[in-house]
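Participant: One structure is given below, represented as structure tokens, and several questions about it will come after.
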Amino acid sequence: MRKWIIALCALTSFSTLLTGCASWNQDKDKAELYIRMGSSLIEEGNYPGALTALLKAKEMDPSNPLVYNELGQVYFMRERYETAEQQFRKAVSLQKEYTDARNNLARVLIEEGKYAEAEKEINTVLADLTYGSTDRAYVNLGLAKFNQKQYPQAEDAFFKVLKIKPDDCVASDYYGRSIFEQKDYGRAVEALDRAIGFCQKNLFDEPHFYSALAYYRLGDKSKSAARFSEIIKYYPEGKYREKAKGMLDLIRKGN
């Protein structure tokens with residue numbers, strides 16, 4: 001692309017060349033600044049600010065695949081999945097070997113329930129031996145399998161993540177949940193209790209809840225009640241807080 005611009009500039013007058021090419025470079029430099037700003041704002045959770053910055057970057061450098069990958073992440077976090085899919089597809093169309101964008105595309109396809117297509121993209125990602133985030137690809141594969149109720153395959157995928165990143169909260173949680181769904185509650189308890197240690201700092205109460213359920217299914221109502229009580233105590237805004245209260249009442253009534 002850059003060679004083409006240089007060749008085009010060479011056909012113009014010298015003064016036009018200096019003005020045109022300098023302007024093009026300035027736009028690209030400004031776009032990169034806006035991309036960096038957008039990325040930082042995504043990490044901070046400031047999605048409106050990130051979107052504003054990235055749309056400016058897109059204006060200045062509309063052929064930059066990184067812009068579309070970052071835009072896709074913003075739309076994904078705002079649950080605009082169709083728009084996110086369009087952005088990730090654009091990024092991959094501009095740069096076929098953009099493996100991270102392809103992996104992000106797989107993630108949004110999973111959210112849309114397009115599992116076969118998602119798995120196809122994930123297999124392409126895993127085939128790229130230069131890709132440095134295979135743990136993220138295996139998380140996506142695990143989610144695709146879990147959502148299709150293919151729990152042994154999901155367990156295998158999440159186990160591969162944990163071999164790379166033993167303290168990964170999401171993989172630890174879904175690894176335990178995959179075992180739980182296979183009704184192997186003894187192993188599920190062990191996995192979910194480990195996940196609690198990794199996830200509690202993120203105020204993510206799901207492994208706590210499924211650990212409590214696993215203890216309940218094992219007949220250890222004392223340990224189950226303790227876990228449900230911890231959810232109420234440690235996660236005041238937790239997703240499973242009300243369910244934990246309901247289960248705790250059930251246990252106290254002797255059920």
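Just remember, in the structure tokens the first chain shown is A, the second B, etc., residues are 1-based per chain, and ligands are 1-based in the order shown.
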Would you mind listing what lies within 7 Å of Ile164 in chain A as a PyMOL selection string, with only C-alpha atoms counted and same-chain residues fewer than 3 positions away left out?
Facilitator: chain A and resi 135+160-161
Participant: How would the residues just picked look written out with N, CA and C atoms as a PDB file, in the first residue's frame?
Facilitator:
ATOM      1  N   ASP A 135      -4.480 -19.353  24.359  1.00  0.00           N
ATOM      2  CA  ASP A 135      -5.376 -19.548  25.502  1.00  0.00           C
ATOM      3  C   ASP A 135      -6.740 -18.915  25.232  1.00  0.00           C
ATOM      4  N   LYS A 160      -7.064 -27.070  28.504  1.00  0.00           N
ATOM      5  CA  LYS A 160      -5.926 -26.590  27.707  1.00  0.00           C
ATOM      6  C   LYS A 160      -5.592 -25.141  28.031  1.00  0.00           C
ATOM      7  N   VAL A 161      -6.622 -24.341  28.318  1.00  0.00           N
ATOM      8  CA  VAL A 161      -6.374 -22.961  28.737  1.00  0.00           C
ATOM      9  C   VAL A 161      -5.607 -22.952  30.052  1.00  0.00           C
TER      10      VAL A 161
END
Participant: Using DSSP on the backbone, list every residue of range 52-219 of chain A that comes out as alpha helix (DSSP H), and give them as a ChimeraX atom specification.
Facilitator: /A:52-60,65-77,81-94,99-111,115-127,134-147,151-164,169-181,185-199,206-217
Participant: Could you name the residues that touch range 169-185 of chain A at 10 Å or less, counting only C-alpha atoms, but leaving out those on the same chain fewer than 3 positions away, as a PyMOL selection string?
Facilitator: chain A and resi 135-136+138-140+142-143+145-146+149-162+165-166+188-202+204-208+210-211+213-218
Participant: CA of Ser93 in chain A and CA of Leu55 in chain A, how far apart in Å?
Facilitator: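 Here the two named atoms are 18.6 Å from each other.
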Participant: Considering only C-alpha atoms, return as an NGL selection string whatever protein or nucleic-acid residues lie within 8 Å of range 42-54 of chain A, sequence-local ones (same chain, fewer than 3 positions apart) excluded.
Facilitator: :A and (34-35 or 37-39 or 57-58 or 67 or 70-71 or 74 or 77-78)
Participant: Identify, on the basis of only C-alpha atoms, every residue whose closest approach to Ala106 in chain A does not exceed 7 Å; exclude the query and any residue fewer than 6 positions from it along the same chain; express the result as a PyMOL selection string.
Facilitator: chain A and resi 118+121-122
Participant: Between CA of Tyr240 in chain A and CA of Asp220 in chain A, what is the spacing in Å?
Facilitator: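 CA of Asp220 in chain A sits 19.9 Å away from CA of Tyr240 in chain A.
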